[in-house]
Amino acid sequence: MTAADQLWDQLEPLGFEKEERPDGYLPSLPRDITSLTDQQLMVLYSQYVSWTAYAAMRLAEARANEKATKQNLNHSMATASLNAAMEKTVAGRKAAAAADTQVQKDERAHIDAQSLTEALEMVHKNAEARANFCSRDLSRRQGSRDITTRENRWGI
């Protein structure tokens with residue numbers, strides 16, 4: 001069981017469920033958002049909200065995995081340093097530990113985990129920004145309708 005699985009096992013009794021992957025792919029923004037009908041814009045907005053929630057869940061898992069890989073790396077570094085007893089200096093022990101195959105494997109796993117976390121942070125921010133953009137346009141459309149209605153109501 002991974003650290004992320006343990007995290008979700010703790011959240012489930014609190015009423016939270018894992019977000020399912022939305023259908024298809026994260027949609028791109030149209031060149032002209034004003035060309036969309038209100039219904040099309042609302043569908044696009046809901047897709048971005050779904051992708052934001054899904055990316056946030058995956059980001060939490062990636063962060064937990066990154067911490068676990070860092071812990072594994074620290075453990076293998078310490079073990080390799082202890083096994084390098086023939087080295088008389090701290091620098092020599094560190095060099096011997098860095099050359100250890102398990103340390104190199106764990107270091108690669110940690111770098112990969114960091115890269116995934118950074119990529120998911122970007123995806124999450126992009127999905128959130130797109131949802132906010134659609135939300136602003138939906139609000140703008142509603143706001144401009146209100147002004148028209150008020151003008152008619154008050155004879156302005």
# chains A, B, ... in the order shown; residues from 1 in each chain; ligands from 1
$ residues_around --residues "stretch 97-105 of chain A" --least-positions-apart "2" --cutoff "12 Å" --atoms "only C-alpha atoms" --output "VMD selection string"
chain A and resid 69 to 87 90 to 95 107 to 112
$ residues_around --residues "stretch 12-20 of chain A" --least-positions-apart "2" --cutoff "9 Å" --atoms "only C-alpha atoms" --output "PDB file with N, CA, C and O atoms, in the first residue's frame"
ATOM      1  N   LEU A   7      -3.351   7.724   2.570  1.00  0.00           N
ATOM      2  CA  LEU A   7      -3.973   9.043   2.680  1.00  0.00           C
ATOM      3  C   LEU A   7      -5.458   8.961   2.351  1.00  0.00           C
ATOM      4  O   LEU A   7      -6.302   9.470   3.091  1.00  0.00           O
ATOM      5  N   TRP A   8      -5.796   8.296   1.254  1.00  0.00           N
ATOM      6  CA  TRP A   8      -7.202   8.204   0.862  1.00  0.00           C
ATOM      7  C   TRP A   8      -7.992   7.308   1.794  1.00  0.00           C
ATOM      8  O   TRP A   8      -9.182   7.541   2.016  1.00  0.00           O
ATOM      9  N   ASP A   9      -7.363   6.308   2.394  1.00  0.00           N
ATOM     10  CA  ASP A   9      -8.038   5.481   3.389  1.00  0.00           C
ATOM     11  C   ASP A   9      -8.416   6.309   4.614  1.00  0.00           C
ATOM     12  O   ASP A   9      -9.428   6.055   5.259  1.00  0.00           O
ATOM     13  N   GLN A  10      -7.603   7.316   4.925  1.00  0.00           N
ATOM     14  CA  GLN A  10      -7.906   8.199   6.055  1.00  0.00           C
ATOM     15  C   GLN A  10      -8.990   9.220   5.696  1.00  0.00           C
ATOM     16  O   GLN A  10      -9.772   9.630   6.553  1.00  0.00           O
ATOM     17  N   PRO A  22     -11.916  12.282 -15.393  1.00  0.00           N
ATOM     18  CA  PRO A  22     -12.950  12.730 -16.334  1.00  0.00           C
ATOM     19  C   PRO A  22     -12.752  12.079 -17.704  1.00  0.00           C
ATOM     20  O   PRO A  22     -11.665  11.622 -18.042  1.00  0.00           O
ATOM     21  N   SER A  50     -14.067  19.607 -13.168  1.00  0.00           N
ATOM     22  CA  SER A  50     -13.804  18.173 -12.961  1.00  0.00           C
ATOM     23  C   SER A  50     -12.315  17.864 -13.079  1.00  0.00           C
ATOM     24  O   SER A  50     -11.756  17.119 -12.269  1.00  0.00           O
ATOM     25  N   ALA A  53     -10.408  19.160  -9.985  1.00  0.00           N
ATOM     26  CA  ALA A  53     -10.566  18.264  -8.833  1.00  0.00           C
ATOM     27  C   ALA A  53      -9.740  16.997  -9.007  1.00  0.00           C
ATOM     28  O   ALA A  53      -9.075  16.535  -8.071  1.00  0.00           O
ATOM     29  N   TYR A  54      -9.759  16.435 -10.194  1.00  0.00           N
ATOM     30  CA  TYR A  54      -8.988  15.220 -10.464  1.00  0.00           C
ATOM     31  C   TYR A  54      -7.491  15.483 -10.344  1.00  0.00           C
ATOM     32  O   TYR A  54      -6.753  14.708  -9.724  1.00  0.00           O
ATOM     33  N   ALA A  55      -7.035  16.600 -10.914  1.00  0.00           N
ATOM     34  CA  ALA A  55      -5.605  16.935 -10.839  1.00  0.00           C
ATOM     35  C   ALA A  55      -5.183  17.194  -9.399  1.00  0.00           C
ATOM     36  O   ALA A  55      -4.076  16.819  -8.996  1.00  0.00           O
ATOM     37  N   ALA A  56      -6.053  17.803  -8.600  1.00  0.00           N
ATOM     38  CA  ALA A  56      -5.727  18.058  -7.190  1.00  0.00           C
ATOM     39  C   ALA A  56      -5.549  16.743  -6.435  1.00  0.00           C
ATOM     40  O   ALA A  56      -4.629  16.603  -5.619  1.00  0.00           O
ATOM     41  N   MET A  57      -6.403  15.770  -6.725  1.00  0.00           N
ATOM     42  CA  MET A  57      -6.283  14.467  -6.079  1.00  0.00           C
ATOM     43  C   MET A  57      -4.993  13.775  -6.492  1.00  0.00           C
ATOM     44  O   MET A  57      -4.263  13.242  -5.669  1.00  0.00           O
ATOM     45  N   ARG A  58      -4.696  13.807  -7.768  1.00  0.00           N
ATOM     46  CA  ARG A  58      -3.453  13.198  -8.257  1.00  0.00           C
ATOM     47  C   ARG A  58      -2.230  13.933  -7.712  1.00  0.00           C
ATOM     48  O   ARG A  58      -1.197  13.319  -7.442  1.00  0.00           O
TER      49      ARG A  58
END
$ residues_around --residues "stretch 28-31 of chain A" --least-positions-apart "5" --cutoff "9 Å" --atoms "only C-alpha atoms" --output "PyMOL selection string"
chain A and resi 36+44+130
$ atom_distance --atom1 "atom CA of A:Val49" --atom2 "atom CA of A:Glu128"
7.1 Å
$ select_by_dssp --residues "chain A" --states "alpha helix (DSSP H)" --output "JSON, numbers by chain"
{"A": [3, 4, 5, 6, 7, 8, 9, 10, 11, 38, 39, 40, 41, 42, 43, 44, 45, 46, 47, 48, 49, 50, 51, 52, 53, 54, 55, 56, 57, 58, 59, 60, 61, 62, 63, 64, 65, 66, 67, 68, 69, 70, 71, 72, 73, 74, 75, 76, 77, 78, 79, 80, 81, 82, 83, 90, 91, 92, 93, 94, 95, 96, 97, 98, 99, 101, 102, 103, 104, 105, 106, 107, 108, 109, 110, 111, 112, 113, 114, 115, 116, 117, 118, 119, 120, 121, 122, 123, 124, 125, 126, 127, 128, 129, 130, 131, 132, 133, 134, 135, 136, 137, 138, 139, 140, 141, 142, 143, 144, 145, 146, 147, 148, 149, 150, 151, 152, 153, 154]}
$ write_last_selection --atoms "C-alpha atoms" --output "compact mmCIF listing (two decimals), in the first residue's frame"
# COMPACT_ATOMS: atom_id res chain seq x y z
CA ALA A 3 1.46 6.52 1.06
CA ALA A 4 -1.21 7.94 -1.26
CA ASP A 5 -3.46 4.91 -0.67
CA GLN A 6 -3.07 5.37 3.07
CA LEU A 7 -3.97 9.04 2.68
CA TRP A 8 -7.20 8.20 0.86
CA ASP A 9 -8.04 5.48 3.39
CA GLN A 10 -7.91 8.20 6.05
CA LEU A 11 -10.03 10.63 4.02
CA ASP A 38 -24.07 29.84 -22.59
CA GLN A 39 -24.73 26.10 -22.56
CA GLN A 40 -21.44 25.30 -24.32
CA LEU A 41 -19.56 27.57 -21.94
CA MET A 42 -21.18 25.94 -18.91
CA VAL A 43 -20.24 22.47 -20.21
CA LEU A 44 -16.66 23.63 -20.75
CA TYR A 45 -16.60 25.18 -17.26
CA SER A 46 -17.83 21.94 -15.68
CA GLN A 47 -15.15 19.98 -17.55
CA TYR A 48 -12.45 22.29 -16.16
CA VAL A 49 -13.86 21.98 -12.65
CA SER A 50 -13.80 18.17 -12.96
CA TRP A 51 -10.23 18.20 -14.26
CA THR A 52 -9.17 20.60 -11.48
CA ALA A 53 -10.57 18.26 -8.83
CA TYR A 54 -8.99 15.22 -10.46
CA ALA A 55 -5.60 16.94 -10.84
CA ALA A 56 -5.73 18.06 -7.19
CA MET A 57 -6.28 14.47 -6.08
CA ARG A 58 -3.45 13.20 -8.26
CA LEU A 59 -1.23 16.02 -7.00
CA ALA A 60 -1.85 14.97 -3.40
CA GLU A 61 -0.87 11.42 -4.32
CA ALA A 62 2.25 12.64 -6.14
CA ARG A 63 3.33 14.72 -3.13
CA ALA A 64 2.91 11.73 -0.82
CA ASN A 65 4.91 9.57 -3.24
CA GLU A 66 7.62 12.21 -3.51
CA LYS A 67 8.03 12.26 0.27
CA ALA A 68 8.19 8.46 0.35
CA THR A 69 10.87 8.36 -2.35
CA LYS A 70 12.86 11.03 -0.47
CA GLN A 71 12.67 8.90 2.66
CA ASN A 72 13.86 5.83 0.71
CA LEU A 73 16.75 7.86 -0.73
CA ASN A 74 17.77 9.09 2.72
CA HIS A 75 17.68 5.53 4.05
CA SER A 76 19.77 4.08 1.23
CA MET A 77 22.27 6.97 1.54
CA ALA A 78 22.63 6.33 5.26
CA THR A 79 23.00 2.58 4.73
CA ALA A 80 25.58 3.06 1.98
CA SER A 81 27.52 5.54 4.15
CA LEU A 82 27.59 3.06 7.01
CA ASN A 83 28.73 0.31 4.65
CA VAL A 90 33.17 12.07 5.60
CA ALA A 91 33.70 13.17 2.01
CA GLY A 92 34.96 9.68 1.13
CA ARG A 93 31.90 8.06 2.71
CA LYS A 94 29.59 10.44 0.87
CA ALA A 95 31.33 9.68 -2.42
CA ALA A 96 31.12 5.94 -1.80
CA ALA A 97 27.43 6.27 -0.91
CA ALA A 98 26.75 8.30 -4.07
CA ALA A 99 28.36 5.54 -6.15
CA THR A 101 23.75 1.33 -7.09
CA GLN A 102 20.80 1.34 -4.66
CA VAL A 103 21.40 5.02 -3.87
CA GLN A 104 21.48 5.81 -7.59
CA LYS A 105 18.27 3.87 -8.15
CA ASP A 106 16.54 5.65 -5.26
CA GLU A 107 17.86 9.00 -6.43
CA ARG A 108 16.39 8.39 -9.90
CA ALA A 109 13.04 7.40 -8.36
CA HIS A 110 13.04 10.58 -6.26
CA ILE A 111 13.86 12.78 -9.26
CA ASP A 112 11.07 11.10 -11.23
CA ALA A 113 8.63 11.65 -8.35
CA GLN A 114 9.65 15.32 -8.12
CA SER A 115 9.14 15.74 -11.87
CA LEU A 116 5.68 14.19 -11.71
CA THR A 117 4.72 16.45 -8.80
CA GLU A 118 5.89 19.54 -10.67
CA ALA A 119 4.04 18.49 -13.82
CA LEU A 120 0.83 17.82 -11.89
CA GLU A 121 1.14 21.19 -10.17
CA MET A 122 1.24 22.78 -13.61
CA VAL A 123 -1.75 20.76 -14.86
CA HIS A 124 -3.73 21.64 -11.73
CA LYS A 125 -2.93 25.34 -12.03
CA ASN A 126 -3.79 25.36 -15.73
CA ALA A 127 -7.13 23.58 -15.20
CA GLU A 128 -7.95 25.92 -12.33
CA ALA A 129 -7.04 29.00 -14.37
CA ARG A 130 -9.20 27.81 -17.28
CA ALA A 131 -12.14 27.16 -14.93
CA ASN A 132 -11.71 30.66 -13.46
CA PHE A 133 -11.58 32.16 -16.95
CA CYS A 134 -14.84 30.45 -17.92
CA SER A 135 -16.42 31.46 -14.62
CA ARG A 136 -15.52 35.11 -15.21
CA ASP A 137 -17.07 35.01 -18.68
CA LEU A 138 -20.23 33.35 -17.33
CA SER A 139 -20.44 36.07 -14.65
CA ARG A 140 -19.82 38.80 -17.23
CA ARG A 141 -22.61 37.44 -19.41
CA GLN A 142 -25.01 37.29 -16.47
CA GLY A 143 -23.97 40.75 -15.33
CA SER A 144 -24.57 42.29 -18.74
CA ARG A 145 -28.04 40.68 -18.85
CA ASP A 146 -28.83 42.20 -15.45
CA ILE A 147 -27.90 45.68 -16.70
CA THR A 148 -30.17 45.29 -19.72
CA THR A 149 -33.01 44.09 -17.50
CA ARG A 150 -32.49 46.99 -15.08
CA GLU A 151 -32.42 49.48 -17.93
CA ASN A 152 -35.80 48.18 -19.14
CA ARG A 153 -37.21 48.02 -15.63
CA TRP A 154 -36.18 51.53 -14.60
